[in-house]
Amino acid sequence: MAATKKAVLGPLVGAVDQGTSSTRFLVFNSKTAELLSHHQVEIKQKFPREGWVEQDPKEILLSVYECIEKTCEKLGLLDIDISNIKAIGVSNQRETTVVWDKLTGEPLYSAVVWLDLRTQSTVETLSKRIPGNNNFVKSKTGLPLSTYFSAVKLRWLLDNVRKVQKAVEENRALFGTIDSWLIWSLTGGVNGGVHCTDVTNASRTMLFNIHSLEWDKELCEFFEIPMGILPNVRSSSEIYGLMKTGALEGVPISGCLGDQSAALVGQMCFQDGQAKNTYGTGCFLLCNTGHKCVFSEHGLLTTVAYKLGRDKPVYYALEGSVAIAGAVVHWLRDNLGIIKTSEEIEKLAKEVGTSYGCYFVPAFSGLYAPYWEPSARGIICGLTQFTNKCHVAFAALEAVCFQTREILEAMNRDCGIPLSHLQVDGGMTNNKILMQLQADILYIPVVKTSMPETTALGAAMAAGAAEGVCVWSLEPEDLSAVTVERFEPQINAEESEIRYSTWKKAVMKSMGWVTSQSPESGDPSIFCSLPLGFFIVSSMVILIGARYISGIP
């Protein structure tokens, strides 16, 4: 006998969560915030040259379609009617830059990922043009001039990719961060797709004035970016357009937030002074500063937190950004082969319970907050003959925690009121060793919600609350209570300080590795002047070291 449909769950809301390492589609009950089903697809990263990080925009788009279809199939198996899905929100990796042809719908180059370092020389050239007494870029955008943000990536594409240049000349080019590319494609693409972004993603381009909430003519002239290729800027919660294909055809896309802003909303940090830390590919600490822009004096960014409706006020945040967090686990898995799955790192770390004096600074893309030091590179130091792969695994987890302490201390100094606890989310928070380490190193409690999918939840909340949808109330009395797991510090303050000060010494040693004369700067001729013995000895040292750490006899 066929199963009967279950009782109506109330309006449902879907969320696309497009991150650096994977794409997911999740469906929530708008009345209880319960996660009903989801599907995830891993996304490939390409490293065509030293310091370059790229992804395929079409692969990203296809992964979104696949996740939506598979999730809808899973809902069907649960006897949940997908016609109950009333809206879709989009959350995305920020800064990653895409340029595509509006007539064919084809990307004109790979997506240049936020971690990419190819624009360092561009940054150095541009920085010389900013008057020392008038850093108009930072005062208008809240951001330091860095390879991290979209404007310099777009400038590189315009300077180096003929297909992009030609499309701009012929008025065929559109620029966007991942949210823009997805919304344009999902709402019809070449057949009337909506070219837009929201204020949170726009605020990460270095072309957007965070005070006037508009693209800034002076900034576009400084970076020599044609304003005609930029998307329309909208609020984070309004109907942008309707899905044009697939199982959810006709459903409005009505929420859009950069992933870290989405997590802030999902953690319900709606009050001035509330903060959260998300552990993903990178690590991102955001503190809501209300309606005022607070400019950091300690290496943090000033950014738009959210604007939940066309007529709603904008909220700002201070942000501490760490480039490498979960990415260091992937590096141990994919590059060194120390672990076979990301989950194994917890088991290795638990075996030893200490790094035994080994410190790991994973500055693979330089150092972000609070240093903003592009010349830094990753180092592992404090090795002895006793060190094994378990100690390196433990040191990698400690590195994430030490980096978080650095940005938390900067935030405490800027805000003037130290955080009494840290709210956390993201995939890495499933690692209990990491969470306990974080509490020990910060010497304050770490509070993890029972709902780890706060990024997707935030996008769903924005979509469901949009005018014309109105199935999700954001009023404080209507927000669902969240159960939490709490991790208390278990070491004494003196030990915590000793470990942290040793970490700071390691960070200092990671700096200044890359100079304009370094091989990484792109001059292949430098290799020609090195003797063959250099390569043989270097290769042997690397091979022996990797075999030793991996435990290979």
# chains A, B, ... in the order shown; residues from 1 in each chain; ligands from 1
call {"tool": "residues_around", "arguments": {"residues": "A:Thr104", "least_positions_apart": "6", "cutoff": "12 Å", "atoms": "only C-alpha atoms", "output": "ChimeraX atom specification"}}
result
/A:167,172-174,185,188-191,193
call {"tool": "select_by_dssp", "arguments": {"residues": "stretch 5-229 of chain A", "states": "helix (DSSP H, G or I)", "output": "ChimeraX atom specification"}}
result
/A:57-77,82-84,120-127,136-141,150-160,162-169,178-186,199-202,217-223,227-229
call {"tool": "closest_residue", "arguments": {"among": "A:Ser203, A:Ser83, A:Thr197, A:Thr96", "to": "A:Pro231", "atoms": "only C-alpha atoms"}}
result
A:Thr197
call {"tool": "closest_atom_pairs", "arguments": {"of": "stretch 300-349 of chain A", "to": "stretch 366-382 of chain A", "cutoff": "8 Å", "atoms": "only C-alpha atoms", "output": "CSV"}}
result
residue,atom,partner,partner_atom,distance
A:Leu300,CA,A:Ala369,CA,6.0
A:Gly320,CA,A:Ala369,CA,5.6
A:Ser321,CA,A:Ala369,CA,5.3
A:Val322,CA,A:Tyr368,CA,5.5
A:Ala323,CA,A:Tyr368,CA,6.1
call {"tool": "closest_atom_pairs", "arguments": {"of": "stretch 96-190 of chain A", "to": "stretch 46-69 of chain A", "cutoff": "9 Å", "atoms": "only C-alpha atoms", "output": "JSON lines"}}
result
{"residue": "A:Thr96", "atom": "CA", "partner": "A:Glu54", "partner_atom": "CA", "distance": 8.9}
{"residue": "A:Val98", "atom": "CA", "partner": "A:Pro57", "partner_atom": "CA", "distance": 7.2}
{"residue": "A:Glu106", "atom": "CA", "partner": "A:Lys58", "partner_atom": "CA", "distance": 8.1}
{"residue": "A:Pro107", "atom": "CA", "partner": "A:Pro57", "partner_atom": "CA", "distance": 6.7}
{"residue": "A:Tyr109", "atom": "CA", "partner": "A:Asp56", "partner_atom": "CA", "distance": 8.4}
{"residue": "A:Ser110", "atom": "CA", "partner": "A:Asp56", "partner_atom": "CA", "distance": 5.3}
{"residue": "A:Ala111", "atom": "CA", "partner": "A:Gln55", "partner_atom": "CA", "distance": 5.1}
{"residue": "A:Val112", "atom": "CA", "partner": "A:Glu54", "partner_atom": "CA", "distance": 4.9}
{"residue": "A:Val113", "atom": "CA", "partner": "A:Glu54", "partner_atom": "CA", "distance": 5.4}
{"residue": "A:Trp114", "atom": "CA", "partner": "A:Val53", "partner_atom": "CA", "distance": 8.0}
{"residue": "A:Leu115", "atom": "CA", "partner": "A:Val53", "partner_atom": "CA", "distance": 6.4}
{"residue": "A:Asp116", "atom": "CA", "partner": "A:Val53", "partner_atom": "CA", "distance": 4.8}
{"residue": "A:Leu117", "atom": "CA", "partner": "A:Gly51", "partner_atom": "CA", "distance": 5.0}
{"residue": "A:Arg118", "atom": "CA", "partner": "A:Trp52", "partner_atom": "CA", "distance": 5.8}
{"residue": "A:Ile178", "atom": "CA", "partner": "A:Pro57", "partner_atom": "CA", "distance": 8.1}
{"residue": "A:Trp181", "atom": "CA", "partner": "A:Pro57", "partner_atom": "CA", "distance": 8.0}
{"residue": "A:Leu182", "atom": "CA", "partner": "A:Leu61", "partner_atom": "CA", "distance": 6.4}
{"residue": "A:Ser185", "atom": "CA", "partner": "A:Leu61", "partner_atom": "CA", "distance": 7.8}
{"residue": "A:Leu186", "atom": "CA", "partner": "A:Leu61", "partner_atom": "CA", "distance": 8.6}
call {"tool": "residues_around", "arguments": {"residues": "A:His291", "least_positions_apart": "6", "cutoff": "8 Å", "atoms": "only C-alpha atoms", "output": "number ranges by chain"}}
result
A: 313-316
call {"tool": "select_by_dssp", "arguments": {"residues": "stretch 74-323 of chain A", "states": "strand (DSSP E or B)", "output": "ChimeraX atom specification"}}
result
/A:85-92,97-101,107,111-112,173-177,196-198,208-209,214-215,232-234,237-242,252-258,275-279,283-290,301-306,315-322
call {"tool": "closest_residue", "arguments": {"among": "A:Thr303, A:Thr122, A:Gln403, A:Ser150", "to": "A:Lys504", "atoms": "only C-alpha atoms"}}
result
A:Gln403
call {"tool": "residues_around", "arguments": {"residues": "A:Leu301", "least_positions_apart": "2", "cutoff": "8 Å", "atoms": "only C-alpha atoms", "output": "tab-separated table (two decimals) with N, CA, C and O atoms, in the first residue's frame"}}
result
chain	number	residue	atom	x	y	z
A	142	GLY	N	36.26	50.24	3.61
A	142	GLY	CA	36.54	49.53	4.86
A	142	GLY	C	37.58	48.44	4.71
A	142	GLY	O	37.85	47.69	5.65
A	143	LEU	N	38.21	48.35	3.52
A	143	LEU	CA	39.11	47.24	3.20
A	143	LEU	C	40.53	47.73	2.92
A	143	LEU	O	40.71	48.79	2.30
A	144	PRO	N	41.55	46.96	3.28
A	144	PRO	CA	42.91	47.28	2.85
A	144	PRO	C	43.09	46.85	1.39
A	144	PRO	O	42.41	45.95	0.91
A	295	PHE	N	35.80	51.63	12.22
A	295	PHE	CA	37.05	51.36	11.49
A	295	PHE	C	38.11	50.86	12.45
A	295	PHE	O	38.36	51.46	13.49
A	296	SER	N	38.69	49.73	12.09
A	296	SER	CA	39.64	49.06	12.96
A	296	SER	C	41.00	49.74	12.96
A	296	SER	O	41.46	50.25	11.94
A	299	GLY	N	43.94	45.92	12.35
A	299	GLY	CA	44.03	44.98	11.24
A	299	GLY	C	42.75	44.27	10.84
A	299	GLY	O	42.79	43.33	10.04
A	303	THR	N	32.92	45.97	7.21
A	303	THR	CA	32.15	45.41	6.11
A	303	THR	C	30.66	45.54	6.39
A	303	THR	O	30.24	45.83	7.51
A	318	LEU	N	32.53	44.40	12.10
A	318	LEU	CA	33.99	44.27	12.06
A	318	LEU	C	34.30	42.81	11.76
A	318	LEU	O	33.63	41.91	12.29
A	319	GLU	N	35.29	42.57	10.93
A	319	GLU	CA	35.61	41.19	10.54
A	319	GLU	C	37.09	40.90	10.64
A	319	GLU	O	37.92	41.69	10.18
A	320	GLY	N	37.40	39.77	11.23
A	320	GLY	CA	38.76	39.23	11.20
A	320	GLY	C	38.78	38.04	10.27
A	320	GLY	O	38.02	37.09	10.46
A	321	SER	N	39.63	38.10	9.24
A	321	SER	CA	39.65	37.05	8.21
A	321	SER	C	40.95	36.27	8.26
A	321	SER	O	42.03	36.86	8.21
call {"tool": "residues_around", "arguments": {"residues": "A:Tyr356", "least_positions_apart": "6", "cutoff": "10 Å", "atoms": "only C-alpha atoms", "output": "VMD selection string"}}
result
chain A and resid 382 to 384 386 to 388 390 to 392 394 to 395
call {"tool": "write_last_selection", "arguments": {"atoms": "N, CA, C and O atoms", "output": "compact mmCIF listing (two decimals), in the first residue's frame"}}
result
# COMPACT_ATOMS: atom_id res chain seq x y z
N GLY A 382 59.90 23.69 15.09
CA GLY A 382 59.95 23.00 16.38
C GLY A 382 60.00 21.50 16.24
O GLY A 382 59.68 20.76 17.17
N LEU A 383 60.41 21.00 15.06
CA LEU A 383 60.48 19.55 14.82
C LEU A 383 61.66 18.92 15.54
O LEU A 383 62.73 19.52 15.64
N THR A 384 61.45 17.72 16.04
CA THR A 384 62.54 16.91 16.59
C THR A 384 62.41 15.51 16.00
O THR A 384 61.46 15.22 15.26
N PHE A 386 61.51 13.05 17.50
CA PHE A 386 60.33 12.43 18.12
C PHE A 386 59.04 12.80 17.39
O PHE A 386 58.04 12.10 17.47
N THR A 387 59.06 13.92 16.63
CA THR A 387 57.85 14.42 15.98
C THR A 387 57.33 13.41 14.96
O THR A 387 58.10 12.87 14.16
N ASN A 388 56.03 13.14 15.00
CA ASN A 388 55.43 12.28 13.97
C ASN A 388 54.18 12.93 13.41
O ASN A 388 53.85 14.08 13.77
N CYS A 390 51.10 12.53 13.95
CA CYS A 390 50.07 12.89 14.94
C CYS A 390 50.35 14.27 15.52
O CYS A 390 49.43 15.07 15.72
N HIS A 391 51.62 14.56 15.79
CA HIS A 391 51.98 15.88 16.32
C HIS A 391 51.72 16.97 15.29
O HIS A 391 51.26 18.07 15.63
N VAL A 392 52.02 16.68 14.03
CA VAL A 392 51.76 17.65 12.96
C VAL A 392 50.25 17.90 12.82
O VAL A 392 49.81 19.05 12.65
N PHE A 394 48.02 17.61 15.20
CA PHE A 394 47.63 18.40 16.37
C PHE A 394 48.03 19.86 16.17
O PHE A 394 47.25 20.78 16.46
N ALA A 395 49.24 20.08 15.64
CA ALA A 395 49.72 21.44 15.41
C ALA A 395 48.86 22.17 14.39
O ALA A 395 48.65 23.38 14.48
call {"tool": "closest_residue", "arguments": {"among": "A:Val27, A:Trp472, A:Ser496, A:Asp17", "to": "A:Val41", "atoms": "only C-alpha atoms"}}
result
A:Asp17
call {"tool": "closest_residue", "arguments": {"among": "A:Arg486, A:Leu437, A:Val137, A:Gly255", "to": "A:Gly14", "atoms": "only C-alpha atoms"}}
result
A:Gly255
call {"tool": "residues_around", "arguments": {"residues": "A:Val328", "least_positions_apart": "3", "cutoff": "7 Å", "atoms": "only C-alpha atoms", "output": "VMD selection string"}}
result
chain A and resid 324 to 325 331 to 332 362 396
call {"tool": "residues_around", "arguments": {"residues": "A:Arg333", "least_positions_apart": "5", "cutoff": "12 Å", "atoms": "only C-alpha atoms", "output": "list in words"}}
result
Gly326, Ala327, Val328, Ile338, Ile339, Lys340, Thr341, Ser342, Glu343, Glu344, Ile345, Lys389, Ala393, Ala396 and Ser550 of chain A
